[in-house]
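Here is the structure we will look at, set down as structure tokens.
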Amino acid sequence: MSRRTAVVGGGWAGISAAVAATEAGHRVTLFEMAPQLGGRARRVDRSEPALDNGQHILIGAYRETLSLMRRVGADPDALLRRLPLALVDPMGDGLRLPGGAPVPAFVRAVLGHRGWSLGERIGVLVAALHWRFNGFEAGAQTSVAELTRGLSARVRHTLIEPLCVAALNTPAQQASARIFLRVLRDALFAGPGSADLLLPRAPLSALLPDPAAAWLEAAGADLRRTTRINTLTARADGWDLDGQPFDGVVLACTATEAARLTLPVAPAWSRQAAAFDYEPIVTVYLQSRGTRLAQPMTALASSADAPAQFAFDLGAIDGGGTRDGLFAFVVSGARAWVERGLDATAAATLQQAQTAFAAHTWRTPPILLRTLAERRATFLCTPGLARPPTAVGARLAAAGDYVDGPYPATLEGAARSGVAAIAALGAI
């Protein structure tokens with residue numbers, strides 16, 4: 001008889017776990033509190049233009065995420081626009097990574113950076129060589145700011161800080177150098193195409209949650225939406241969820257929910273999961289009909305008066321349609337701005353958009369469409385952070401981008417954690 005496996009939580013980690021368990025022949029029941037799957041990476045409503053609850057950049061190194069999409073019938077080549085990595089400002093200046101072998105490509109990109117002096121460019125290459133020589137490892141208590149203090153202020157402001165906040169959603173002064181270097185290693189130096197940007201042409205729900213739900217139901221899985229699990233109770237041969245028996249359980253809900261459920265049965269694990277500090281991300285959607293930016297993703301100079309680090313031209317990414325003239329300005333590491341209030345953040349972002357790009361860029365004056373805040377978007381990825389393990393107890397595992405692993409809170413981390421959780425149950 002096949003195992004009865006429950007997955008609590010229908011975000012990208014829960015989807016990954018449910019798919020892996022189904023492929024292993026389990027009878028899967030997935031519980032999700034929301035009306036739809038997707039967690040923190042989903043479409044927020046069904047109105048037009050389509051808006052997501054945040055902008056998620058995938059990269060070529062996201063092998064597990066791309067494999068998961070393919071397995072449930074979502075074609076990454078059709079749903080994602082692949083572009084070479086470019087951290088380019090509104091004037092077109094910045095780091096542009098060409099194709100080819102990663103090391104020569106990185107060297108060419110740095111030497112071709114028009115905004116840095118020769119000394120600054122050499123400094124970046126020397127630092128990268130040093131990191132590679134040391135196996136992209138750093139001390140557990142080292143911050144990104146400490147790791148890069150030998151670089152010029154201009155390089156830190158135009159390269160390190162945007163990369164750090166984009167990858168870890170944590171300011172460089174607080175961010176773990178160890179995790180930052182792992183991201184750089186796998187993205188910039190893992191092989192041709194690993195650093196490519198994969199920008200969603202469609203709403204996030206179309207990338208994985210919707211096709212995965214259809215795939216799981218077709219495979220016989222039981223998807224129970226709008227269902228919150230209140231109790232987790234141990235049995236001799238498994239676990240009860242609100243009195244329903246299962247042979248194994250994967251907790252793929254938020255760390256807060258997982259900590260609540262496990263407090264009576266695994267208090268040490270529960271305390272670790274409850275100890276995270278979080279950093280918000282704010283997405284400000286603007287509309288300017290008929291406008292196209294010079295590149296689909298533009299790096300912006302953030303400051304005390306300018307919140308956003310990146311602007312996305314959604315119409316340019318997906319080729320127009322209902323998102324033509326729609327722009328997403330992303331404020332990562334947004335705690336200070338959330339404290340000011342979303343109205344203030346939106347107003348400052350609108351002013352930033354008008355001043356960052358030349359006046360003739362905007363065919364019509366940009367207007368505010370909507371402001372969305374994920375107040376617990378990601379955990380603060382700080383030096384020495386102790387993350388809870390995948391294995392919680394016998395036949396009980398956890399999945400989520402917060403679970404111990406090599407990556408920060410990313411879609412790839414979530415997808416990998418789901419596979420690891422099913423492996424921890426002994427299914428793979």
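Going through the structure tokens in order, the chains are called A, B, and so on, while each chain numbers its residues from 1 and the ligands are numbered from 1 in the order shown.
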At a cut-off of 9 Å, using only C-alpha atoms, what residues contact A:Leu216? Leave out same-chain residues fewer than 3 positions from it and give the result as a PyMOL selection string. chain A and resi 15+18-19+22+28+72+211-213+219-223
Hey, can you spit out that residue selection with N, CA and C atoms as a JSON list (two decimals), in the first residue's frame?
[["chain", "number", "residue", "atom", "x", "y", "z"],
["A", 15, "ILE", "N", 4.63, 22.84, -3.18],
["A", 15, "ILE", "CA", 4.40, 22.28, -4.51],
["A", 15, "ILE", "C", 5.51, 21.31, -4.88],
["A", 18, "ALA", "N", 5.06, 18.14, -2.87],
["A", 18, "ALA", "CA", 3.90, 17.36, -3.32],
["A", 18, "ALA", "C", 4.18, 16.66, -4.64],
["A", 19, "VAL", "N", 4.86, 17.34, -5.56],
["A", 19, "VAL", "CA", 5.20, 16.73, -6.85],
["A", 19, "VAL", "C", 6.17, 15.58, -6.65],
["A", 22, "THR", "N", 4.33, 12.64, -5.09],
["A", 22, "THR", "CA", 3.45, 12.01, -6.08],
["A", 22, "THR", "C", 4.25, 11.16, -7.06],
["A", 28, "VAL", "N", -0.99, 11.74, -1.93],
["A", 28, "VAL", "CA", -0.65, 13.06, -1.39],
["A", 28, "VAL", "C", -1.91, 13.86, -1.10],
["A", 72, "VAL", "N", 5.78, 19.56, -14.48],
["A", 72, "VAL", "CA", 4.33, 19.76, -14.35],
["A", 72, "VAL", "C", 3.74, 20.38, -15.62],
["A", 211, "PRO", "N", -0.17, 25.39, -13.17],
["A", 211, "PRO", "CA", 0.07, 24.10, -13.83],
["A", 211, "PRO", "C", 0.35, 22.97, -12.85],
["A", 212, "ALA", "N", 1.00, 23.28, -11.73],
["A", 212, "ALA", "CA", 1.27, 22.24, -10.73],
["A", 212, "ALA", "C", -0.03, 21.75, -10.11],
["A", 213, "ALA", "N", -0.96, 22.65, -9.82],
["A", 213, "ALA", "CA", -2.25, 22.23, -9.26],
["A", 213, "ALA", "C", -2.98, 21.30, -10.21],
["A", 219, "ALA", "N", -2.95, 13.66, -11.26],
["A", 219, "ALA", "CA", -2.21, 12.49, -10.76],
["A", 219, "ALA", "C", -2.87, 11.87, -9.53],
["A", 220, "GLY", "N", -3.99, 12.44, -9.09],
["A", 220, "GLY", "CA", -4.71, 11.84, -7.97],
["A", 220, "GLY", "C", -4.48, 12.48, -6.63],
["A", 221, "ALA", "N", -3.71, 13.57, -6.57],
["A", 221, "ALA", "CA", -3.48, 14.23, -5.29],
["A", 221, "ALA", "C", -4.75, 14.97, -4.85],
["A", 222, "ASP", "N", -4.91, 15.10, -3.56],
["A", 222, "ASP", "CA", -6.07, 15.78, -2.97],
["A", 222, "ASP", "C", -5.62, 17.17, -2.52],
["A", 223, "LEU", "N", -6.08, 18.22, -3.22],
["A", 223, "LEU", "CA", -5.70, 19.59, -2.87],
["A", 223, "LEU", "C", -6.83, 20.22, -2.07]]
Quick one: pick out all helix (DSSP H, G or I) residues within stretch 46-240 of chain A from a backbone DSSP run and write them as a short mmCIF file (atom, residue, chain, number, x, y, z; two decimals) with N, CA, C and O atoms, in the first residue's frame.
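states.cif, written as the output of this step:
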data_model
loop_
_atom_site.label_atom_id
_atom_site.label_comp_id
_atom_site.auth_asym_id
_atom_site.auth_seq_id
_atom_site.Cartn_x
_atom_site.Cartn_y
_atom_site.Cartn_z
N ARG A 63 18.31 25.33 -11.40
CA ARG A 63 18.07 24.07 -12.11
C ARG A 63 16.89 23.29 -11.55
O ARG A 63 16.11 22.70 -12.29
N GLU A 64 16.73 23.26 -10.24
CA GLU A 64 15.62 22.51 -9.65
C GLU A 64 14.29 23.18 -9.96
O GLU A 64 13.30 22.52 -10.26
N THR A 65 14.26 24.51 -9.91
CA THR A 65 13.03 25.23 -10.23
C THR A 65 12.62 24.99 -11.68
O THR A 65 11.44 24.72 -11.98
N LEU A 66 13.58 25.08 -12.60
CA LEU A 66 13.28 24.88 -14.02
C LEU A 66 12.86 23.43 -14.28
O LEU A 66 11.94 23.17 -15.07
N SER A 67 13.50 22.48 -13.61
CA SER A 67 13.11 21.07 -13.75
C SER A 67 11.69 20.86 -13.24
O SER A 67 10.89 20.15 -13.87
N LEU A 68 11.35 21.46 -12.11
CA LEU A 68 10.01 21.32 -11.54
C LEU A 68 8.96 21.88 -12.49
O LEU A 68 7.91 21.26 -12.70
N MET A 69 9.24 23.04 -13.08
CA MET A 69 8.30 23.60 -14.05
C MET A 69 8.05 22.63 -15.20
O MET A 69 6.91 22.38 -15.59
N ARG A 70 9.12 22.08 -15.74
CA ARG A 70 8.97 21.17 -16.88
C ARG A 70 8.18 19.93 -16.50
O ARG A 70 7.38 19.43 -17.29
N ARG A 71 8.41 19.42 -15.30
CA ARG A 71 7.75 18.18 -14.89
C ARG A 71 6.24 18.34 -14.76
O ARG A 71 5.50 17.37 -14.89
N PRO A 76 9.56 26.52 -19.49
CA PRO A 76 10.34 27.71 -19.14
C PRO A 76 10.71 28.57 -20.36
O PRO A 76 10.77 29.80 -20.25
N ASP A 77 10.93 27.93 -21.49
CA ASP A 77 11.32 28.70 -22.68
C ASP A 77 10.19 29.61 -23.15
O ASP A 77 10.44 30.69 -23.69
N ALA A 78 8.97 29.19 -22.94
CA ALA A 78 7.82 30.01 -23.33
C ALA A 78 7.44 31.02 -22.26
O ALA A 78 6.97 32.12 -22.56
N LEU A 79 7.63 30.66 -20.99
CA LEU A 79 7.14 31.47 -19.89
C LEU A 79 8.17 32.45 -19.34
O LEU A 79 7.81 33.38 -18.60
N PRO A 102 32.23 31.28 -18.07
CA PRO A 102 31.92 32.28 -17.04
C PRO A 102 33.08 33.19 -16.65
O PRO A 102 32.89 34.39 -16.49
N VAL A 103 34.27 32.64 -16.47
CA VAL A 103 35.37 33.48 -15.99
C VAL A 103 35.77 34.52 -17.04
O VAL A 103 35.84 35.73 -16.72
N PRO A 104 36.04 34.14 -18.30
CA PRO A 104 36.33 35.17 -19.29
C PRO A 104 35.19 36.17 -19.47
O PRO A 104 35.42 37.37 -19.67
N ALA A 105 33.95 35.71 -19.36
CA ALA A 105 32.82 36.62 -19.51
C ALA A 105 32.80 37.64 -18.37
O ALA A 105 32.55 38.83 -18.61
N PHE A 106 33.07 37.20 -17.16
CA PHE A 106 33.09 38.12 -16.03
C PHE A 106 34.23 39.14 -16.18
O PHE A 106 34.04 40.34 -15.93
N VAL A 107 35.38 38.67 -16.61
CA VAL A 107 36.52 39.58 -16.80
C VAL A 107 36.18 40.63 -17.86
O VAL A 107 36.43 41.83 -17.67
N ARG A 108 35.59 40.21 -18.98
CA ARG A 108 35.22 41.17 -20.03
C ARG A 108 34.19 42.17 -19.53
O ARG A 108 34.24 43.35 -19.85
N ALA A 109 33.23 41.68 -18.72
CA ALA A 109 32.19 42.57 -18.21
C ALA A 109 32.79 43.63 -17.29
O ALA A 109 32.42 44.81 -17.37
N VAL A 110 33.69 43.23 -16.41
CA VAL A 110 34.29 44.18 -15.48
C VAL A 110 35.18 45.17 -16.22
O VAL A 110 35.10 46.39 -15.98
N LEU A 111 36.02 44.69 -17.12
CA LEU A 111 36.91 45.59 -17.86
C LEU A 111 36.12 46.54 -18.76
O LEU A 111 36.59 47.63 -19.06
N LEU A 118 40.01 52.51 -13.98
CA LEU A 118 40.81 51.30 -14.22
C LEU A 118 41.18 50.64 -12.89
O LEU A 118 41.13 49.41 -12.76
N GLY A 119 41.53 51.46 -11.90
CA GLY A 119 41.88 50.90 -10.60
C GLY A 119 40.72 50.18 -9.95
O GLY A 119 40.89 49.13 -9.33
N GLU A 120 39.51 50.74 -10.11
CA GLU A 120 38.33 50.09 -9.54
C GLU A 120 38.04 48.77 -10.24
O GLU A 120 37.68 47.77 -9.60
N ARG A 121 38.20 48.74 -11.56
CA ARG A 121 37.96 47.50 -12.29
C ARG A 121 38.96 46.42 -11.89
O ARG A 121 38.59 45.26 -11.70
N ILE A 122 40.21 46.81 -11.76
CA ILE A 122 41.23 45.84 -11.33
C ILE A 122 40.93 45.35 -9.92
O ILE A 122 41.08 44.17 -9.59
N GLY A 123 40.47 46.27 -9.07
CA GLY A 123 40.13 45.89 -7.70
C GLY A 123 39.03 44.83 -7.64
O GLY A 123 39.08 43.90 -6.84
N VAL A 124 38.02 44.97 -8.50
CA VAL A 124 36.94 43.98 -8.55
C VAL A 124 37.48 42.63 -9.00
O VAL A 124 37.14 41.58 -8.42
N LEU A 125 38.33 42.63 -10.01
CA LEU A 125 38.87 41.36 -10.51
C LEU A 125 39.77 40.70 -9.47
O LEU A 125 39.74 39.47 -9.30
N VAL A 126 40.57 41.49 -8.76
CA VAL A 126 41.44 40.93 -7.72
C VAL A 126 40.60 40.33 -6.60
O VAL A 126 40.88 39.23 -6.09
N ALA A 127 39.54 41.03 -6.21
CA ALA A 127 38.66 40.51 -5.15
C ALA A 127 38.00 39.21 -5.59
O ALA A 127 37.94 38.24 -4.82
N ALA A 128 37.50 39.17 -6.83
CA ALA A 128 36.85 37.95 -7.33
C ALA A 128 37.84 36.79 -7.39
O ALA A 128 37.49 35.65 -7.08
N LEU A 129 39.07 37.08 -7.81
CA LEU A 129 40.10 36.04 -7.86
C LEU A 129 40.39 35.51 -6.46
O LEU A 129 40.54 34.30 -6.26
N HIS A 130 40.45 36.41 -5.50
CA HIS A 130 40.69 36.01 -4.11
C HIS A 130 39.55 35.13 -3.60
O HIS A 130 39.79 34.09 -2.95
N TRP A 131 38.31 35.51 -3.89
CA TRP A 131 37.15 34.71 -3.45
C TRP A 131 37.19 33.33 -4.08
O TRP A 131 36.91 32.33 -3.42
N ARG A 132 37.53 33.29 -5.36
CA ARG A 132 37.56 31.99 -6.04
C ARG A 132 38.69 31.12 -5.49
O ARG A 132 38.52 29.91 -5.30
N PHE A 133 39.84 31.72 -5.22
CA PHE A 133 40.98 30.98 -4.67
C PHE A 133 40.62 30.37 -3.33
O PHE A 133 41.06 29.27 -2.98
N VAL A 144 28.72 40.99 4.40
CA VAL A 144 29.09 41.38 3.04
C VAL A 144 29.85 42.70 3.05
O VAL A 144 30.80 42.89 2.28
N ALA A 145 29.47 43.62 3.92
CA ALA A 145 30.19 44.89 4.02
C ALA A 145 31.65 44.65 4.41
O ALA A 145 32.56 45.28 3.86
N GLU A 146 31.88 43.75 5.36
CA GLU A 146 33.25 43.45 5.77
C GLU A 146 34.00 42.74 4.65
O GLU A 146 35.19 43.03 4.41
N LEU A 147 33.34 41.84 3.96
CA LEU A 147 33.97 41.10 2.86
C LEU A 147 34.45 42.04 1.76
O LEU A 147 35.51 41.80 1.16
N ALA A 153 34.03 52.87 -2.68
CA ALA A 153 32.64 53.19 -2.32
C ALA A 153 31.74 53.14 -3.54
O ALA A 153 30.59 52.69 -3.45
N ARG A 154 32.25 53.57 -4.68
CA ARG A 154 31.43 53.56 -5.90
C ARG A 154 31.11 52.14 -6.34
O ARG A 154 29.97 51.84 -6.73
N VAL A 155 32.08 51.24 -6.28
CA VAL A 155 31.83 49.85 -6.66
C VAL A 155 30.85 49.20 -5.68
O VAL A 155 29.94 48.47 -6.09
N ARG A 156 31.02 49.48 -4.41
CA ARG A 156 30.10 48.90 -3.43
C ARG A 156 28.67 49.40 -3.67
O ARG A 156 27.71 48.63 -3.57
N HIS A 157 28.54 50.68 -4.02
CA HIS A 157 27.21 51.26 -4.18
C HIS A 157 26.54 50.81 -5.47
O HIS A 157 25.32 50.62 -5.51
N THR A 158 27.33 50.64 -6.53
CA THR A 158 26.72 50.32 -7.84
C THR A 158 26.70 48.83 -8.15
O THR A 158 25.98 48.41 -9.07
N LEU A 159 27.46 48.01 -7.43
CA LEU A 159 27.50 46.57 -7.73
C LEU A 159 27.15 45.72 -6.51
O LEU A 159 26.18 44.96 -6.55
N ILE A 160 27.91 45.86 -5.45
CA ILE A 160 27.77 44.95 -4.31
C ILE A 160 26.43 45.14 -3.62
O ILE A 160 25.70 44.16 -3.37
N GLU A 161 26.07 46.37 -3.31
CA GLU A 161 24.82 46.60 -2.58
C GLU A 161 23.58 46.19 -3.38
O GLU A 161 22.69 45.51 -2.84
N PRO A 162 23.47 46.53 -4.68
CA PRO A 162 22.32 46.03 -5.45
C PRO A 162 22.28 44.51 -5.56
O PRO A 162 21.20 43.91 -5.44
N LEU A 163 23.44 43.88 -5.79
CA LEU A 163 23.46 42.42 -5.86
C LEU A 163 23.05 41.80 -4.53
O LEU A 163 22.28 40.82 -4.49
N CYS A 164 23.54 42.36 -3.45
CA CYS A 164 23.26 41.80 -2.13
C CYS A 164 21.78 41.90 -1.79
O CYS A 164 21.16 40.92 -1.36
N VAL A 165 21.20 43.07 -2.00
CA VAL A 165 19.79 43.24 -1.64
C VAL A 165 18.89 42.47 -2.59
O VAL A 165 17.82 41.98 -2.20
N ALA A 166 19.31 42.31 -3.85
CA ALA A 166 18.51 41.52 -4.79
C ALA A 166 18.55 40.04 -4.45
O ALA A 166 17.53 39.34 -4.56
N ALA A 167 19.71 39.54 -4.05
CA ALA A 167 19.85 38.10 -3.80
C ALA A 167 19.43 37.69 -2.39
O ALA A 167 18.82 36.63 -2.20
N LEU A 168 19.73 38.53 -1.39
CA LEU A 168 19.50 38.14 0.00
C LEU A 168 18.40 38.96 0.67
O LEU A 168 17.99 38.64 1.79
N ALA A 177 28.17 37.09 4.43
CA ALA A 177 29.12 36.97 3.33
C ALA A 177 29.20 35.54 2.81
O ALA A 177 29.38 35.32 1.61
N ARG A 178 29.03 34.58 3.70
CA ARG A 178 29.11 33.17 3.29
C ARG A 178 28.00 32.83 2.29
O ARG A 178 28.26 32.23 1.25
N ILE A 179 26.76 33.24 2.58
CA ILE A 179 25.66 32.97 1.66
C ILE A 179 25.80 33.79 0.39
O ILE A 179 25.53 33.30 -0.71
N PHE A 180 26.23 35.03 0.52
CA PHE A 180 26.43 35.89 -0.65
C PHE A 180 27.43 35.27 -1.62
O PHE A 180 27.20 35.24 -2.84
N LEU A 181 28.52 34.74 -1.11
CA LEU A 181 29.53 34.14 -1.98
C LEU A 181 29.02 32.85 -2.63
O LEU A 181 29.37 32.56 -3.78
N ARG A 182 28.19 32.10 -1.94
CA ARG A 182 27.61 30.90 -2.56
C ARG A 182 26.72 31.28 -3.74
O ARG A 182 26.71 30.60 -4.77
N VAL A 183 25.96 32.36 -3.58
CA VAL A 183 25.12 32.83 -4.68
C VAL A 183 25.99 33.27 -5.85
O VAL A 183 25.72 32.92 -7.01
N LEU A 184 27.04 34.04 -5.58
CA LEU A 184 27.93 34.48 -6.65
C LEU A 184 28.58 33.29 -7.36
O LEU A 184 28.68 33.26 -8.58
N ARG A 185 29.00 32.31 -6.58
CA ARG A 185 29.66 31.13 -7.17
C ARG A 185 28.72 30.42 -8.13
O ARG A 185 29.10 30.12 -9.27
N ASP A 186 27.50 30.15 -7.70
CA ASP A 186 26.59 29.36 -8.52
C ASP A 186 25.99 30.17 -9.66
O ASP A 186 25.62 29.60 -10.69
N ALA A 187 25.91 31.47 -9.50
CA ALA A 187 25.32 32.30 -10.55
C ALA A 187 26.37 32.72 -11.58
O ALA A 187 26.19 32.52 -12.78
N LEU A 188 27.46 33.30 -11.10
CA LEU A 188 28.43 33.91 -12.02
C LEU A 188 29.50 32.95 -12.52
O LEU A 188 30.09 33.18 -13.58
N LEU A 204 3.10 35.14 -12.08
CA LEU A 204 3.83 34.09 -11.38
C LEU A 204 3.01 32.82 -11.22
O LEU A 204 3.56 31.71 -11.24
N SER A 205 1.71 32.94 -11.06
CA SER A 205 0.88 31.73 -10.90
C SER A 205 0.96 30.83 -12.12
O SER A 205 0.81 29.61 -12.01
N ALA A 206 1.18 31.41 -13.30
CA ALA A 206 1.25 30.61 -14.52
C ALA A 206 2.58 29.88 -14.65
O ALA A 206 2.69 28.91 -15.40
N LEU A 207 3.60 30.34 -13.91
CA LEU A 207 4.90 29.69 -13.99
C LEU A 207 4.91 28.32 -13.33
O LEU A 207 5.50 27.37 -13.84
N PRO A 209 2.41 27.54 -9.89
CA PRO A 209 1.26 27.14 -9.06
C PRO A 209 0.07 26.60 -9.84
O PRO A 209 -0.47 25.54 -9.48
N ASP A 210 -0.36 27.28 -10.90
CA ASP A 210 -1.53 26.81 -11.64
C ASP A 210 -1.26 25.50 -12.38
O ASP A 210 -2.04 24.55 -12.26
N PRO A 211 -0.17 25.39 -13.17
CA PRO A 211 0.07 24.10 -13.83
C PRO A 211 0.35 22.97 -12.85
O PRO A 211 -0.03 21.82 -13.10
N ALA A 212 1.00 23.28 -11.73
CA ALA A 212 1.27 22.24 -10.73
C ALA A 212 -0.03 21.75 -10.11
O ALA A 212 -0.20 20.54 -9.87
N ALA A 213 -0.96 22.65 -9.82
CA ALA A 213 -2.25 22.23 -9.26
C ALA A 213 -2.98 21.30 -10.21
O ALA A 213 -3.52 20.26 -9.80
N ALA A 214 -2.97 21.65 -11.50
CA ALA A 214 -3.64 20.79 -12.49
C ALA A 214 -2.93 19.44 -12.59
O ALA A 214 -3.58 18.39 -12.67
N TRP A 215 -1.61 19.46 -12.57
CA TRP A 215 -0.83 18.22 -12.67
C TRP A 215 -1.08 17.32 -11.45
O TRP A 215 -1.29 16.11 -11.59
N LEU A 216 -1.07 17.90 -10.27
CA LEU A 216 -1.27 17.12 -9.06
C LEU A 216 -2.67 16.50 -9.01
O LEU A 216 -2.82 15.32 -8.67
N GLU A 217 -3.68 17.28 -9.36
CA GLU A 217 -5.04 16.75 -9.34
C GLU A 217 -5.22 15.65 -10.38
O GLU A 217 -5.88 14.64 -10.12
N ALA A 218 -4.59 15.83 -11.55
CA ALA A 218 -4.66 14.79 -12.58
C ALA A 218 -3.96 13.51 -12.12
O ALA A 218 -4.34 12.41 -12.53
#
Just the strand (DSSP E) stuff from stretch 6-77 of chain A, please, per backbone DSSP, written as a VMD selection string. chain A and resid 6 to 8 27 to 31 58 to 59
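Those residues that approach A:Ser332 to within 8 Å, counting only C-alpha atoms, are Val165, Ala166, Asn169, Thr170, Pro280, Ile281, Val282, Ala308 and Gln309 of chain A; same-chain residues fewer than 6 positions away are not listed.
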Keeping C-alpha atoms for every residue in the selection just given, could you write it to a file as a PDB file, in the first residue's frame?
ATOM      1  CA  VAL A 165      19.793  43.240  -1.640  1.00  0.00           C
ATOM      2  CA  ALA A 166      18.510  41.522  -4.793  1.00  0.00           C
ATOM      3  CA  ASN A 169      16.969  40.962   0.626  1.00  0.00           C
ATOM      4  CA  THR A 170      19.332  42.004   3.384  1.00  0.00           C
ATOM      5  CA  PRO A 280       9.813  43.273   3.774  1.00  0.00           C
ATOM      6  CA  ILE A 281       9.710  43.878   0.028  1.00  0.00           C
ATOM      7  CA  VAL A 282       7.447  46.524  -1.481  1.00  0.00           C
ATOM      8  CA  ALA A 308      13.484  51.366  -5.385  1.00  0.00           C
ATOM      9  CA  GLN A 309      16.572  49.440  -6.487  1.00  0.00           C
TER      10      GLN A 309
END
To one decimal place, how far is atom CA of A:Glu23 from atom CA of A:Asp242 in Å? 25.8 Å
So which residues touch A:Pro264 within 10 Å, counting only C-alpha atoms, skipping near sequence neighbours fewer than 2 positions away, as a ChimeraX atom specification? /A:231-234,259-262,266-268,270
Would you mind listing what lies within 12 Å of stretch 357-365 of chain A as JSON, numbers by chain, with only C-alpha atoms counted and same-chain residues fewer than 4 positions away left out? {"A": [89, 90, 91, 92, 286, 287, 288, 289, 290, 291, 292, 293, 294, 295, 298, 299, 300, 301, 311, 325, 326, 327, 350, 351, 352, 353]}
The selected residues should be written to file as a compact mmCIF listing (two decimals), in the first residue's frame (atoms: N, CA, C and O atoms).
# COMPACT_ATOMS: atom_id res chain seq x y z
N ASP A 89 22.06 51.06 -15.40
CA ASP A 89 21.26 52.17 -14.90
C ASP A 89 20.47 52.81 -16.04
O ASP A 89 20.58 52.39 -17.21
N PRO A 90 19.64 53.81 -15.76
CA PRO A 90 18.83 54.42 -16.82
C PRO A 90 19.62 55.03 -17.96
O PRO A 90 19.09 55.20 -19.06
N MET A 91 20.90 55.35 -17.72
CA MET A 91 21.74 55.90 -18.78
C MET A 91 22.39 54.80 -19.63
O MET A 91 23.10 55.10 -20.59
N GLY A 92 22.17 53.54 -19.27
CA GLY A 92 22.76 52.43 -20.01
C GLY A 92 24.12 52.01 -19.52
O GLY A 92 24.76 51.16 -20.14
N LEU A 286 3.39 51.10 -11.44
CA LEU A 286 3.07 52.35 -12.12
C LEU A 286 2.61 52.03 -13.53
O LEU A 286 2.98 50.99 -14.11
N GLN A 287 1.83 52.93 -14.11
CA GLN A 287 1.36 52.75 -15.48
C GLN A 287 1.62 54.01 -16.29
O GLN A 287 1.38 55.12 -15.82
N SER A 288 2.15 53.80 -17.49
CA SER A 288 2.37 54.89 -18.44
C SER A 288 2.14 54.32 -19.83
O SER A 288 3.04 53.69 -20.41
N ARG A 289 0.95 54.50 -20.35
CA ARG A 289 0.58 53.87 -21.62
C ARG A 289 1.48 54.37 -22.75
O ARG A 289 1.73 55.56 -22.89
N GLY A 290 1.95 53.39 -23.53
CA GLY A 290 2.80 53.71 -24.67
C GLY A 290 4.27 53.83 -24.36
O GLY A 290 5.09 54.00 -25.27
N THR A 291 4.65 53.72 -23.09
CA THR A 291 6.05 53.88 -22.70
C THR A 291 6.78 52.55 -22.72
O THR A 291 6.24 51.52 -22.31
N ARG A 292 8.01 52.57 -23.19
CA ARG A 292 8.93 51.44 -23.09
C ARG A 292 10.26 51.95 -22.57
O ARG A 292 10.77 52.97 -23.05
N LEU A 293 10.83 51.25 -21.60
CA LEU A 293 12.16 51.59 -21.11
C LEU A 293 13.22 50.98 -22.01
O LEU A 293 12.94 50.07 -22.80
N ALA A 294 14.44 51.47 -21.87
CA ALA A 294 15.52 51.01 -22.76
C ALA A 294 15.87 49.56 -22.54
O ALA A 294 16.33 48.89 -23.46
N GLN A 295 15.67 49.04 -21.31
CA GLN A 295 15.91 47.63 -21.04
C GLN A 295 14.81 47.11 -20.12
O GLN A 295 14.24 47.87 -19.34
N THR A 298 15.98 47.59 -15.11
CA THR A 298 16.90 48.70 -14.93
C THR A 298 17.28 48.82 -13.46
O THR A 298 16.42 48.79 -12.58
N ALA A 299 18.58 48.93 -13.19
CA ALA A 299 19.06 49.16 -11.83
C ALA A 299 18.94 50.63 -11.50
O ALA A 299 19.26 51.50 -12.32
N LEU A 300 18.47 50.92 -10.30
CA LEU A 300 18.26 52.29 -9.86
C LEU A 300 19.13 52.59 -8.64
O LEU A 300 19.42 51.71 -7.83
N ALA A 301 19.50 53.85 -8.51
CA ALA A 301 20.25 54.29 -7.34
C ALA A 301 19.26 54.62 -6.23
O ALA A 301 18.50 55.59 -6.34
N ALA A 311 13.72 48.63 -11.57
CA ALA A 311 12.47 48.88 -12.29
C ALA A 311 12.32 47.83 -13.37
O ALA A 311 13.28 47.54 -14.10
N GLY A 325 2.94 49.04 -20.97
CA GLY A 325 2.88 50.27 -20.21
C GLY A 325 2.79 50.08 -18.71
O GLY A 325 2.53 51.04 -17.98
N LEU A 326 3.03 48.85 -18.23
CA LEU A 326 2.98 48.53 -16.81
C LEU A 326 4.40 48.35 -16.29
O LEU A 326 5.20 47.64 -16.89
N PHE A 327 4.70 48.99 -15.16
CA PHE A 327 6.04 48.98 -14.61
C PHE A 327 6.00 48.61 -13.13
O PHE A 327 5.13 49.08 -12.39
N LEU A 350 7.17 57.11 -7.09
CA LEU A 350 6.68 57.82 -8.28
C LEU A 350 7.60 58.98 -8.62
O LEU A 350 7.94 59.19 -9.80
N GLN A 351 8.04 59.72 -7.61
CA GLN A 351 8.98 60.82 -7.86
C GLN A 351 10.30 60.28 -8.38
O GLN A 351 10.91 60.84 -9.30
N GLN A 352 10.76 59.16 -7.82
CA GLN A 352 12.01 58.54 -8.28
C GLN A 352 11.90 58.12 -9.74
O GLN A 352 12.83 58.33 -10.53
N ALA A 353 10.78 57.54 -10.12
CA ALA A 353 10.58 57.13 -11.52
C ALA A 353 10.63 58.31 -12.46
O ALA A 353 11.20 58.22 -13.57
If you measure from atom CA of A:Gly418 to atom CA of A:Thr5, what distance in Å do you get, rounded to one decimal? 12.9 Å
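Pairwise distance (atom CA of A:Gly38, atom CA of A:Asp75) equals 17.3 Å.
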A:Gly54 environment, 8 Å, only C-alpha atoms, sequence neighbours closer than 6 positions dropped, as a list in words: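 The contact residues come out as Arg40, Ala41, Ile281, Val282, Thr283, Val330, Leu372, Ala373 and Glu374 of chain A.
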From the list A:Pro35, A:Gly405, A:Ala275, A:Ala397, which residue is nearest A:Gly426 when using only C-alpha atoms?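 Ranking A:Pro35, A:Gly405, A:Ala275, A:Ala397 by distance to A:Gly426, first place goes to A:Ala397.
Considering the residues A:Leu199, A:Val88, A:Thr29, A:Pro98 and counting only C-alpha atoms, A:Gly319 has its shortest atom-to-atom contact with A:Leu199.
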Proximity to A:Asn53 - best of A:Arg224, A:Arg3, A:Arg81, A:Arg375, only C-alpha atoms: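 The answer is A:Arg375, which sits nearest to A:Asn53.
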